[in-house]
$ cat data-v6.txt   # compact mmCIF, C-alpha atoms and all ligand atoms
# COMPACT_ATOMS: atom_id res chain seq x y z
CA SER A 174 62.97 62.45 77.51
CA ASP A 175 64.77 65.36 75.83
CA GLN A 176 66.30 63.11 73.19
CA LYS A 177 65.24 64.16 69.68
CA ARG A 178 62.70 61.78 68.21
CA VAL A 179 62.30 60.95 64.52
CA ILE A 180 58.72 59.73 64.35
CA LEU A 181 57.30 57.83 61.41
CA VAL A 182 53.64 58.84 61.36
CA THR A 183 51.61 56.68 58.97
CA GLY A 184 48.36 57.95 57.44
CA GLY A 185 49.13 61.56 58.36
CA ALA A 186 47.22 62.97 55.38
CA GLY A 187 43.98 61.50 56.73
CA PHE A 188 41.59 62.96 59.24
CA ILE A 189 43.04 62.05 62.64
CA GLY A 190 46.66 61.79 61.50
CA SER A 191 46.70 65.30 60.01
CA ASN A 192 45.10 66.81 63.11
CA PHE A 193 47.63 64.93 65.22
CA ILE A 194 50.65 66.21 63.24
CA HIS A 195 49.47 69.83 63.66
CA TYR A 196 49.01 69.27 67.38
CA TYR A 197 52.27 67.39 67.91
CA LEU A 198 54.62 69.71 66.06
CA ALA A 199 53.20 72.72 67.92
CA GLY A 200 54.05 71.06 71.24
CA HIS A 201 57.32 69.33 70.28
CA PRO A 202 59.10 71.53 67.73
CA GLY A 203 62.41 69.75 68.37
CA ASP A 204 61.16 66.40 67.06
CA HIS A 205 60.98 65.37 63.39
CA ILE A 206 57.89 63.83 61.79
CA ILE A 207 58.05 61.72 58.65
CA ASN A 208 54.54 61.36 57.26
CA LEU A 209 54.15 58.21 55.15
CA ASP A 210 50.81 58.22 53.35
CA LYS A 211 49.62 56.46 50.23
CA LEU A 212 47.13 59.26 49.46
CA THR A 213 44.25 56.92 48.85
CA TYR A 214 40.85 58.50 48.16
CA ALA A 215 40.84 59.36 51.91
CA GLY A 216 44.21 61.14 51.99
CA GLU A 217 44.38 64.84 51.30
CA GLU A 218 47.70 66.67 50.91
CA ASP A 219 45.90 69.95 51.58
CA HIS A 220 45.41 68.78 55.17
CA ILE A 221 49.08 69.25 55.92
CA LYS A 222 50.07 71.92 53.42
CA GLU A 223 50.62 74.64 56.07
CA ILE A 224 53.38 72.58 57.70
CA GLU A 225 55.03 71.41 54.50
CA GLN A 226 57.67 74.15 54.69
CA LYS A 227 58.81 73.21 58.19
CA SER A 228 62.27 71.74 58.44
CA ASN A 229 61.11 69.17 61.01
CA TYR A 230 58.49 67.67 58.70
CA THR A 231 58.88 65.36 55.70
CA PHE A 232 56.11 63.95 53.52
CA ILE A 233 56.58 60.66 51.69
CA LYS A 234 53.91 59.30 49.37
CA GLY A 235 53.93 55.54 49.70
CA ASP A 236 52.32 52.36 50.95
CA ILE A 237 52.89 50.91 54.43
CA CYS A 238 52.66 47.45 52.83
CA ASP A 239 55.86 48.22 50.86
CA SER A 240 58.41 46.88 53.32
CA GLU A 241 61.37 47.90 51.14
CA LEU A 242 60.20 51.50 51.21
CA VAL A 243 59.60 51.39 54.97
CA ASP A 244 63.06 49.87 55.44
CA GLU A 245 64.61 52.62 53.31
CA ILE A 246 62.84 55.29 55.37
CA PHE A 247 64.27 53.75 58.56
CA ARG A 248 67.78 53.78 57.08
CA THR A 249 67.56 57.25 55.58
CA TYR A 250 66.04 59.09 58.52
CA GLY A 251 66.96 56.94 61.54
CA VAL A 252 63.36 56.45 62.61
CA THR A 253 63.15 56.24 66.42
CA ASP A 254 59.38 55.76 66.82
CA ILE A 255 56.18 54.93 64.92
CA ILE A 256 52.68 56.30 65.43
CA HIS A 257 50.51 54.21 63.17
CA PHE A 258 47.26 55.79 61.91
CA ALA A 259 47.19 54.50 58.32
CA ALA A 260 44.15 52.34 57.67
CA GLU A 261 41.15 51.86 55.51
CA SER A 262 38.66 53.39 57.94
CA HIS A 263 35.12 53.42 56.54
CA VAL A 264 32.78 50.60 57.56
CA ASP A 265 30.44 50.96 54.56
CA ASN A 266 33.40 50.49 52.19
CA ALA A 267 34.53 47.41 54.14
CA ILE A 268 31.11 45.86 53.64
CA SER A 269 31.15 46.34 49.86
CA GLU A 270 34.88 45.64 49.26
CA PRO A 271 36.99 44.22 52.12
CA ASP A 272 40.22 43.57 50.11
CA PRO A 273 42.04 46.86 50.87
CA PHE A 274 41.09 46.55 54.54
CA ILE A 275 42.82 43.20 54.79
CA ALA A 276 45.85 44.48 52.87
CA THR A 277 46.41 47.77 54.67
CA ASN A 278 45.02 47.17 58.14
CA ILE A 279 46.42 43.67 58.65
CA ASN A 280 49.37 43.19 56.28
CA GLY A 281 50.40 46.86 56.44
CA THR A 282 50.55 46.77 60.23
CA TYR A 283 52.56 43.55 60.04
CA GLN A 284 55.10 45.07 57.62
CA LEU A 285 55.64 48.00 60.00
CA LEU A 286 56.09 45.70 63.01
CA LYS A 287 58.54 43.52 61.13
CA THR A 288 60.66 46.47 60.01
CA ALA A 289 60.58 48.12 63.44
CA LYS A 290 61.70 44.88 65.06
CA ARG A 291 64.60 44.51 62.62
CA HIS A 292 65.87 48.04 63.17
CA TRP A 293 65.21 48.43 66.86
CA LEU A 294 65.62 44.98 68.40
CA GLU A 295 68.05 42.88 66.40
CA GLY A 296 71.79 42.70 67.08
CA GLY A 297 71.42 42.85 70.86
CA ARG A 298 69.59 46.18 71.01
CA ASP A 299 66.83 46.33 73.64
CA GLY A 300 64.69 48.89 71.80
CA GLU A 301 63.30 50.26 75.06
CA THR A 302 63.44 53.87 73.90
CA ASN A 303 61.76 53.10 70.56
CA ARG A 304 57.98 53.33 70.78
CA PHE A 305 55.46 51.64 68.44
CA HIS A 306 52.09 53.31 69.02
CA HIS A 307 49.16 51.65 67.27
CA ILE A 308 45.92 53.61 66.81
CA SER A 309 42.85 51.41 67.07
CA THR A 310 39.13 51.63 67.66
CA ASP A 311 36.36 50.72 70.09
CA GLU A 312 34.69 48.84 67.22
CA VAL A 313 36.91 45.79 67.86
CA PHE A 314 34.77 45.05 70.94
CA GLY A 315 31.57 44.76 68.92
CA THR A 316 28.30 46.13 70.21
CA LEU A 317 26.78 47.01 73.61
CA ALA A 318 23.22 46.67 74.87
CA PRO A 319 21.72 49.94 76.19
CA ASP A 320 22.15 48.92 79.84
CA GLU A 321 25.61 47.31 79.49
CA ALA A 322 28.75 48.79 81.05
CA PRO A 323 31.01 50.61 78.55
CA PHE A 324 34.00 48.82 77.02
CA ASN A 325 37.19 48.81 79.04
CA GLU A 326 40.68 47.44 78.38
CA THR A 327 39.64 43.91 79.47
CA SER A 328 36.52 43.66 77.28
CA PRO A 329 36.49 40.63 74.95
CA TYR A 330 37.15 41.22 71.25
CA ALA A 331 34.00 40.65 69.16
CA PRO A 332 34.29 42.53 65.84
CA ASN A 333 31.15 42.46 63.67
CA ASN A 334 32.26 43.75 60.26
CA PRO A 335 35.33 43.30 58.01
CA TYR A 336 36.72 46.72 59.06
CA SER A 337 36.59 46.02 62.78
CA ALA A 338 37.81 42.46 62.19
CA SER A 339 40.86 43.80 60.34
CA LYS A 340 41.58 46.30 63.13
CA ALA A 341 41.19 43.51 65.71
CA ALA A 342 43.71 41.40 63.78
CA ALA A 343 46.15 44.33 63.75
CA ASP A 344 45.75 44.83 67.51
CA MET A 345 46.59 41.15 68.06
CA LEU A 346 49.72 41.38 65.90
CA VAL A 347 50.91 44.45 67.80
CA ARG A 348 50.29 42.70 71.10
CA SER A 349 52.23 39.65 69.94
CA TYR A 350 55.27 41.73 68.93
CA CYS A 351 55.47 43.06 72.47
CA LYS A 352 54.93 39.72 74.20
CA THR A 353 57.17 37.67 71.90
CA TYR A 354 59.96 40.04 70.86
CA GLY A 355 59.77 42.76 73.49
CA LEU A 356 58.83 45.57 71.09
CA ASN A 357 57.88 48.68 73.09
CA THR A 358 54.25 48.92 71.99
CA VAL A 359 51.20 50.82 73.17
CA ILE A 360 47.70 50.51 71.72
CA THR A 361 44.98 53.12 72.05
CA ASN A 362 41.35 52.26 71.27
CA CYS A 363 39.25 55.36 70.82
CA SER A 364 35.64 56.15 70.14
CA ASN A 365 34.18 58.02 67.13
CA ASN A 366 36.24 61.09 66.29
CA TYR A 367 34.83 64.29 64.83
CA GLY A 368 36.25 67.68 63.94
CA PRO A 369 37.92 69.59 61.10
CA ARG A 370 39.28 67.66 58.08
CA GLN A 371 37.09 64.56 58.49
CA HIS A 372 36.35 62.82 55.18
CA MET A 373 32.90 63.61 53.83
CA GLU A 374 31.90 59.91 53.79
CA LYS A 375 31.55 59.83 57.60
CA PHE A 376 28.32 60.58 59.48
CA ILE A 377 28.80 64.15 60.74
CA PRO A 378 30.16 65.59 57.46
CA THR A 379 27.39 63.69 55.63
CA VAL A 380 24.76 65.43 57.74
CA VAL A 381 26.32 68.86 57.12
CA ARG A 382 26.86 68.28 53.39
CA THR A 383 23.40 66.90 52.59
CA ALA A 384 21.69 69.55 54.72
CA LEU A 385 23.49 72.42 52.97
CA LYS A 386 22.45 70.97 49.59
CA PHE A 387 18.84 70.53 50.79
CA GLU A 388 19.12 66.80 50.10
CA HIS A 389 17.78 64.01 52.31
CA ILE A 390 19.91 63.59 55.44
CA PRO A 391 20.31 59.79 55.55
CA LEU A 392 19.86 58.11 58.95
CA TYR A 393 20.48 54.37 58.84
CA GLY A 394 17.67 52.21 60.29
CA ASP A 395 15.82 53.88 63.16
CA GLY A 396 18.61 56.37 63.96
CA GLN A 397 18.76 55.13 67.55
CA GLN A 398 22.28 53.66 67.28
CA ILE A 399 24.53 55.19 69.91
CA ARG A 400 28.11 56.38 69.43
CA ASP A 401 30.50 58.14 71.81
CA TRP A 402 31.95 61.27 70.18
CA LEU A 403 35.53 62.39 70.79
CA TYR A 404 36.79 65.75 69.51
CA VAL A 405 39.84 65.05 67.34
CA GLU A 406 42.04 67.55 69.20
CA ASP A 407 41.23 65.87 72.53
CA HIS A 408 42.23 62.61 70.87
CA ALA A 409 45.52 64.17 69.75
CA SER A 410 46.29 65.26 73.32
CA ALA A 411 45.61 61.74 74.59
CA ILE A 412 47.85 60.16 71.94
CA ASP A 413 50.65 62.60 72.82
CA LEU A 414 50.41 61.56 76.49
CA VAL A 415 50.23 57.82 75.86
CA PHE A 416 53.03 57.98 73.30
CA HIS A 417 55.40 59.63 75.78
CA ASN A 418 54.21 58.29 79.13
CA GLY A 419 52.19 55.12 78.51
CA LYS A 420 53.48 51.85 79.91
CA LYS A 421 55.12 49.38 77.52
CA GLY A 422 52.67 46.74 76.32
CA GLU A 423 49.69 48.63 77.75
CA VAL A 424 46.34 49.36 76.16
CA TYR A 425 44.49 52.63 76.83
CA HIS A 426 40.90 53.45 75.98
CA ILE A 427 40.16 57.03 74.91
CA GLY A 428 36.55 58.23 75.07
CA GLY A 429 34.78 61.56 74.72
CA ASP A 430 32.17 61.05 77.46
CA ASN A 431 29.57 62.03 74.83
CA GLU A 432 27.20 59.16 74.11
CA ARG A 433 24.45 60.24 71.73
CA ALA A 434 21.92 58.51 69.47
CA ASN A 435 22.54 59.31 65.78
CA LEU A 436 19.15 61.02 65.46
CA GLU A 437 19.80 63.25 68.46
CA LEU A 438 23.20 64.22 67.03
CA ALA A 439 21.74 64.92 63.57
CA ASN A 440 19.15 67.20 65.19
CA MET A 441 21.87 69.02 67.12
CA ILE A 442 23.86 69.62 63.91
CA CYS A 443 20.74 70.84 62.12
CA ASP A 444 20.00 73.32 64.91
CA VAL A 445 23.54 74.70 64.68
CA LEU A 446 23.13 75.01 60.89
CA ASP A 447 19.82 76.87 61.34
CA GLU A 448 21.86 79.44 63.25
CA LEU A 449 25.09 79.56 61.21
CA ALA A 450 23.57 79.11 57.73
CA PRO A 451 19.99 80.37 58.05
CA ILE A 452 17.52 79.06 55.48
CA SER A 453 16.06 81.82 53.34
CA SER A 454 12.31 81.92 52.78
CA GLY A 455 11.04 80.10 49.73
CA ARG A 456 13.16 76.97 50.35
CA ARG A 457 11.31 73.67 50.53
CA VAL A 458 11.98 73.28 54.28
CA ALA A 459 12.00 75.82 57.11
CA HIS A 460 14.48 73.91 59.29
CA TYR A 461 17.31 71.60 58.32
CA ARG A 462 15.96 68.83 60.57
CA ASP A 463 12.98 68.50 58.23
CA LEU A 464 15.44 66.93 55.75
CA ILE A 465 16.20 63.94 58.01
CA THR A 466 15.19 60.70 56.29
CA PHE A 467 15.39 57.12 57.55
CA VAL A 468 17.07 54.84 55.01
CA LYS A 469 18.02 51.16 54.77
CA ASP A 470 20.14 50.05 57.71
CA ARG A 471 23.83 49.10 57.47
CA PRO A 472 24.26 45.29 57.59
CA GLY A 473 25.78 44.14 60.88
CA HIS A 474 25.23 47.66 62.25
CA ASP A 475 26.55 47.88 65.83
CA ARG A 476 23.89 49.30 68.14
CA ARG A 477 26.06 51.04 70.69
CA TYR A 478 29.70 51.87 71.41
CA ALA A 479 30.85 53.42 74.67
CA ILE A 480 34.22 53.71 76.38
CA ASP A 481 35.20 53.54 80.02
CA PRO A 482 38.23 55.87 80.14
CA GLN A 483 39.25 55.24 83.76
CA ARG A 484 42.73 53.90 83.06
CA ILE A 485 43.96 56.89 81.07
CA ALA A 486 42.28 59.24 83.55
CA ARG A 487 43.92 57.60 86.54
CA ASP A 488 47.36 56.70 85.15
CA LEU A 489 47.99 59.65 82.83
CA ASN A 490 45.55 62.24 84.19
CA TRP A 491 43.89 62.74 80.79
CA ARG A 492 40.31 63.88 80.31
CA PRO A 493 38.45 65.09 77.21
CA LYS A 494 38.11 68.88 77.31
CA THR A 495 35.57 69.63 74.58
CA ARG A 496 31.82 69.73 75.22
CA LEU A 497 30.00 68.10 72.30
CA GLU A 498 27.92 71.23 71.65
CA ASP A 499 31.10 73.34 71.37
CA GLY A 500 32.94 70.80 69.22
CA ILE A 501 29.98 70.46 66.84
CA ARG A 502 29.73 74.23 66.51
CA GLN A 503 33.45 74.50 65.70
CA THR A 504 33.28 71.61 63.25
CA VAL A 505 30.23 72.92 61.40
CA GLY A 506 31.90 76.36 61.30
CA TRP A 507 35.02 74.80 59.82
CA TYR A 508 33.04 73.05 57.06
CA LEU A 509 31.21 76.28 56.24
CA GLU A 510 34.46 78.28 56.05
CA ASN A 511 36.44 75.74 54.08
CA GLU A 512 33.75 74.73 51.61
CA VAL A 513 35.26 71.27 51.22
CA LEU A 514 32.05 69.27 51.31
P1 LIG B 601 41.16 58.34 57.23
O1 LIG B 601 40.48 57.37 56.34
O2 LIG B 601 40.66 59.75 57.28
O3 LIG B 601 42.71 58.44 56.86
C1 LIG B 601 43.46 57.30 56.59
C2 LIG B 601 44.78 57.75 55.94
O4 LIG B 601 45.60 56.58 55.75
C3 LIG B 601 44.59 58.39 54.58
O5 LIG B 601 45.35 59.58 54.50
C4 LIG B 601 45.08 57.33 53.60
O6 LIG B 601 45.64 57.89 52.42
C5 LIG B 601 46.13 56.61 54.43
N1 LIG B 601 46.34 55.23 53.98
C6 LIG B 601 45.41 54.29 53.72
N2 LIG B 601 45.99 53.15 53.31
C7 LIG B 601 47.34 53.37 53.34
C8 LIG B 601 48.48 52.57 53.03
N3 LIG B 601 48.34 51.30 52.62
N4 LIG B 601 49.70 53.11 53.18
C9 LIG B 601 49.85 54.39 53.60
N5 LIG B 601 48.81 55.20 53.88
C10 LIG B 601 47.56 54.68 53.76
O7 LIG B 601 41.13 57.67 58.67
P2 LIG B 601 41.00 58.34 60.13
O8 LIG B 601 39.56 58.52 60.43
O9 LIG B 601 41.92 59.48 60.23
O10 LIG B 601 41.53 57.14 61.04
C11 LIG B 601 42.90 57.05 61.41
C12 LIG B 601 43.09 55.84 62.31
O11 LIG B 601 42.26 55.95 63.45
C13 LIG B 601 42.72 54.51 61.64
O12 LIG B 601 43.65 53.54 62.06
C14 LIG B 601 41.34 54.21 62.20
O13 LIG B 601 41.11 52.82 62.25
C15 LIG B 601 41.45 54.79 63.59
N6 LIG B 601 40.17 55.22 64.19
C16 LIG B 601 39.38 56.16 63.57
C17 LIG B 601 38.22 56.59 64.20
C18 LIG B 601 37.34 57.65 63.60
O14 LIG B 601 36.30 57.98 64.19
N7 LIG B 601 37.67 58.25 62.48
C19 LIG B 601 37.83 56.06 65.42
C20 LIG B 601 38.65 55.08 66.01
C21 LIG B 601 39.82 54.69 65.39
O1 LIG B 602 25.03 58.36 56.17
C1 LIG B 602 25.16 57.82 57.29
N1 LIG B 602 24.05 57.63 58.07
C2 LIG B 602 24.11 57.04 59.30
O2 LIG B 602 23.08 56.89 59.98
C3 LIG B 602 26.45 57.40 57.78
C4 LIG B 602 27.69 57.57 56.96
C5 LIG B 602 26.48 56.82 59.03
N2 LIG B 602 25.36 56.62 59.77
C6 LIG B 602 25.45 56.02 61.12
C7 LIG B 602 26.24 54.75 61.22
C8 LIG B 602 26.81 54.82 62.61
O3 LIG B 602 25.87 54.36 63.56
O4 LIG B 602 26.15 56.96 61.92
C9 LIG B 602 27.04 56.31 62.84
C10 LIG B 602 28.47 56.75 62.54
O5 LIG B 602 28.82 56.24 61.28
P1 LIG B 602 30.30 56.40 60.64
O6 LIG B 602 30.64 57.85 60.59
O7 LIG B 602 30.34 55.60 59.40
O8 LIG B 602 31.21 55.79 61.80
P2 LIG B 602 31.24 54.34 62.51
O9 LIG B 602 30.70 53.29 61.63
O10 LIG B 602 30.63 54.50 63.88
O11 LIG B 602 32.84 54.14 62.63
C11 LIG B 602 33.68 55.24 63.00
O12 LIG B 602 34.09 55.12 64.34
C12 LIG B 602 34.93 54.03 64.62
C13 LIG B 602 34.91 55.33 62.09
O13 LIG B 602 34.51 55.46 60.75
C14 LIG B 602 35.81 54.13 62.27
O14 LIG B 602 37.00 54.30 61.53
C15 LIG B 602 36.15 54.02 63.73
O15 LIG B 602 36.91 52.89 63.99
$ encode --input "data-v6.txt" --output "C-alpha cells"
Amino acid sequence: SDQKRVILVTGGAGFIGSNFIHYYLAGHPGDHIINLDKLTYAGEEDHIKEIEQKSNYTFIKGDICDSELVDEIFRTYGVTDIIHFAAESHVDNAISEPDPFIATNINGTYQLLKTAKRHWLEGGRDGETNRFHHISTDEVFGTLAPDEAPFNETSPYAPNNPYSASKAAADMLVRSYCKTYGLNTVITNCSNNYGPRQHMEKFIPTVVRTALKFEHIPLYGDGQQIRDWLYVEDHASAIDLVFHNGKKGEVYHIGGDNERANLELANMICDVLDELAPISSGRRVAHYRDLITFVKDRPGHDRRYAIDPQRIARDLNWRPKTRLEDGIRQTVGWYLENEVL
C-alpha cells in the first residue's frame, strides 16, 4: 500500500538487521525505520552510521525485553509494523551460556507480541494493516540425513541446541498470537546467511580472520557438515517481499540453493584469499588451505541443513540471485577493505 509505515526493526545493529535496513530504506524512502537494539557484544553502531543522518531513521539503544520502553516507542512514534531480528544468534555461545538466549529470544519476542497486540488489536481495532514479521531459522527443524528431502514449511520442529530451541519457542509464540488473537504475523525461516558486516564469531569470518593471521583455520569435527548459504542481500529482498505481500499467518522458507560441506567452503574461501591477498614467499604456508585444522566437534552439531524454497518462489516469485562464488568473493573483499576482523 502507499500508506506510510513506521517500522520498528529490532536488532538492526546486527549482521542481517543492518544489511536489511540499508536495503529497505533504499527501496522505500517514504517509510520510517526505528531501530531498537541493545548493542550487545554482537551489535555494532558502525554498521548503520551512514544512515544515521537520514530523517526517516531513528536509533534507540534498548532491550526488547523492556516492555515499558517498547510501549513508549509505540506511543511516541506510532509504530505500524515490526520486523523482529533481535536475538542471541551464536550456537557456540548458547552451548556455554543459554541464559541470554532464553531471555532475549523467548521472553523478548513475547514482550514485543504483547505490546503489538495491545496497540494494534485492542479496543475493537482489527490490526489487519499492522504486520508482525518474525525472522527465524532453519535450525528449528534440527538435522537432515544426506539423502533426506530439504526442510519445507510443514517439516516437524526438532531443535537440537539451546539456541534453536529458543528460536523454536519464539516461532510458536508468534504462531499463537496469530491463531488466538488475530495478529497479522508472518514468519520466515532462512538458511545460513553470509556477507558484509557478519560478526567475526561465525564460520566464514572465522576462516578469513584466522587465514589472514596465519593461524589454524578451525573446522569442527570432520568438516563434512553441510549448510545452505544465503547471501544477506538476497535475504533482505525476500524479507521485503514477504513483509509487504506475504499472507497473514503464513510461514515462508528462504534458502540460497547453495548446499556446501564446511570443508569445501573453507577451501573456496582460501582459494579466493590466495588471489586477493597473495602470500609472500617466506611464510610458513604457500596456500591458505594448508592452515585448515580439524578441531573438537561442537556438541549436538547438526549434520545438515537445507531449505526447499518452493512456496516463496511460487507465491511471491522470489529466487536467490547471488552465486556462492560471487558472494564469497564480495564478502572476502569487504573484510579485506574494512579491516574489521
Ligand atoms: P547478530 O547476532 O549479528 O545480531 C543480533 C542483534 O540483536 C545485535 O545487534 C544485538 O545487539 C541485538 N540484540 C540482542 N539482544 C537484544 C535485546 N535483548 N534487545 C535488543 N537488541 C538485542 O544476529 P544476525 O546473524 O544478524 O541474526 C538476526 C536474526 O536472524 C536472528 O533472529 C537470528 O536468529 C536469525 N537468523 C540468522 C541466521 C544467520 O545465518 N546469521 C540464519 C537464520 C536466522
Ligand atoms: O570455527 C568454526 N568452525 C566450524 O567448523 C565455526 C564458528 C563454525 N564451524 C561450523 C559449524 C557449522 O557447521 O561451520 C558451520 C557454520 O557455523 P556457524 O557460523 O556457527 O553457524 P550455524 O551454527 O550453522 O548457525 C548459523 O545459521 C543458522 C547462525 O549462526 C544462526 O544464527 C542461524 O540460525
$ closest_residue --input "data-v6.txt" --among "A:Thr327, A:Ser364, A:Asn490, A:Thr383" --to "ligand LIG 602 (chain B)" --atoms "only C-alpha atoms and all ligand atoms"
A:Ser364
$ residues_around --input "data-v6.txt" --residues "A:Lys211" --least-positions-apart "2" --cutoff "6 Å" --atoms "only C-alpha atoms" --output "list in words"
Thr213, Lys234, Gly235 and Asp236 of chain A
$ residues_around --input "data-v6.txt" --residues "A:Asn325" --least-positions-apart "5" --cutoff "9 Å" --atoms "only C-alpha atoms" --output "list in words"
Tyr425, His426, Ala479, Ile480, Asp481, Pro482, Gln483 and Arg484 of chain A
$ closest_residue --input "data-v6.txt" --among "A:His307, A:Trp293, A:Asp272, A:His201" --to "ligand LIG 601 (chain B)" --atoms "only C-alpha atoms and all ligand atoms"
A:His307
$ closest_residue --input "data-v6.txt" --among "A:Phe416, A:Tyr478, A:Tyr250, A:Tyr350" --to "ligand LIG 601 (chain B)" --atoms "all atoms listed in the file"
A:Tyr478
$ closest_residue --input "data-v6.txt" --among "A:Phe188, A:Phe258, A:Phe232, A:Tyr354" --to "A:Glu301" --atoms "all atoms listed in the file"
A:Tyr354
$ atom_distance --input "data-v6.txt" --atom1 "atom CA of A:Ala259" --atom2 "atom CA of A:Arg471"
24.0 Å
$ closest_residue --input "data-v6.txt" --among "A:Val313, A:Glu223, A:Thr277, A:Ile268" --to "A:Asp210" --atoms "all atoms listed in the file"
A:Thr277
$ atom_distance --input "data-v6.txt" --atom1 "atom CA of A:Cys363" --atom2 "atom CA of A:Asn440"
24.0 Å
$ closest_residue --input "data-v6.txt" --among "A:Ile180, A:Val252, A:Leu414, A:Ile427" --to "ligand LIG 601 (chain B)" --atoms "all atoms listed in the file"
A:Ile427
$ atom_distance --input "data-v6.txt" --atom1 "atom CA of A:Glu510" --atom2 "atom O8 of ligand LIG 601 (chain B)"
20.9 Å
$ residues_near_ligand --input "data-v6.txt" --ligand "ligand LIG 602 (chain B)" --cutoff "8 Å" --atoms "all atoms listed in the file" --output "JSON, numbers by chain"
{"A": [261, 262, 263, 264, 265, 309, 310, 311, 312, 336, 337, 363, 364, 365, 366, 374, 375, 376, 377, 379, 380, 390, 391, 392, 393, 394, 396, 398, 399, 400, 435, 436, 470, 471, 474, 475, 476, 477]}
$ residues_around --input "data-v6.txt" --residues "A:Gly429" --least-positions-apart "5" --cutoff "8 Å" --atoms "all atoms listed in the file" --output "list in words"
Ser364, Asp401, Trp402, Leu403, Tyr404 and Pro493 of chain A
$ residues_around --input "data-v6.txt" --residues "A:Asp344" --least-positions-apart "6" --cutoff "10 Å" --atoms "all atoms listed in the file" --output "PyMOL selection string"
chain A and resi 278-279+282+307-310+313+338+359-362+424
$ closest_atom_pairs --input "data-v6.txt" --of "stretch 261-340 of chain A" --to "stretch 418-423 of chain A" --cutoff "12 Å" --atoms "all atoms listed in the file" --output "CSV"
residue,atom,partner,partner_atom,distance
A:Gly300,CA,A:Lys421,CA,11.2
A:Glu301,CA,A:Lys421,CA,8.6
A:Thr302,CA,A:Lys421,CA,10.1
A:Asn303,CA,A:Lys421,CA,10.3
A:Arg304,CA,A:Lys421,CA,8.3
A:Phe305,CA,A:Lys421,CA,9.4
A:His306,CA,A:Gly419,CA,9.7
A:His307,CA,A:Gly422,CA,10.9
A:Glu326,CA,A:Glu423,CA,9.1
A:Thr327,CA,A:Glu423,CA,11.2
$ residues_near_point --input "data-v6.txt" --point "(44.1, 63.4, 51.5)" --cutoff "12 Å" --atoms "only C-alpha atoms" --output "list in words"
Gly184, Gly185, Ala186, Gly187, Phe188, Ile189, Gly190, Ser191, Leu209, Asp210, Lys211, Leu212, Thr213, Tyr214, Ala215, Gly216, Glu217, Glu218, Asp219, His220, Ile221, Lys222, Lys234, Ala259, Arg370, Gln371, His372, Met373 and Val513 of chain A
$ decode --input "data-v6.txt" --residues "stretch 321-344 of chain A" --atoms "C-alpha atoms" --output "compact mmCIF listing (two decimals), in the first residue's frame"
# COMPACT_ATOMS: atom_id res chain seq x y z
CA GLU A 321 16.72 -36.60 3.06
CA ALA A 322 14.49 -34.03 1.34
CA PRO A 323 15.21 -30.42 2.41
CA PHE A 324 13.08 -28.77 5.11
CA ASN A 325 9.83 -27.20 3.99
CA GLU A 326 7.12 -25.26 5.82
CA THR A 327 5.47 -28.49 7.07
CA SER A 328 8.63 -30.10 8.49
CA PRO A 329 8.36 -31.06 12.17
CA TYR A 330 10.18 -28.90 14.73
CA ALA A 331 13.15 -30.76 16.27
CA PRO A 332 15.67 -28.24 17.67
CA ASN A 333 18.92 -29.77 18.95
CA ASN A 334 20.63 -26.96 20.90
CA PRO A 335 19.52 -24.21 23.31
CA TYR A 336 19.74 -21.56 20.54
CA SER A 337 17.49 -23.41 18.12
CA ALA A 338 15.18 -24.43 20.97
CA SER A 339 14.77 -20.77 21.95
CA LYS A 340 14.05 -19.77 18.33
CA ALA A 341 11.54 -22.63 18.07
CA ALA A 342 9.79 -21.37 21.20
CA ALA A 343 9.62 -17.87 19.71
CA ASP A 344 8.15 -19.22 16.46
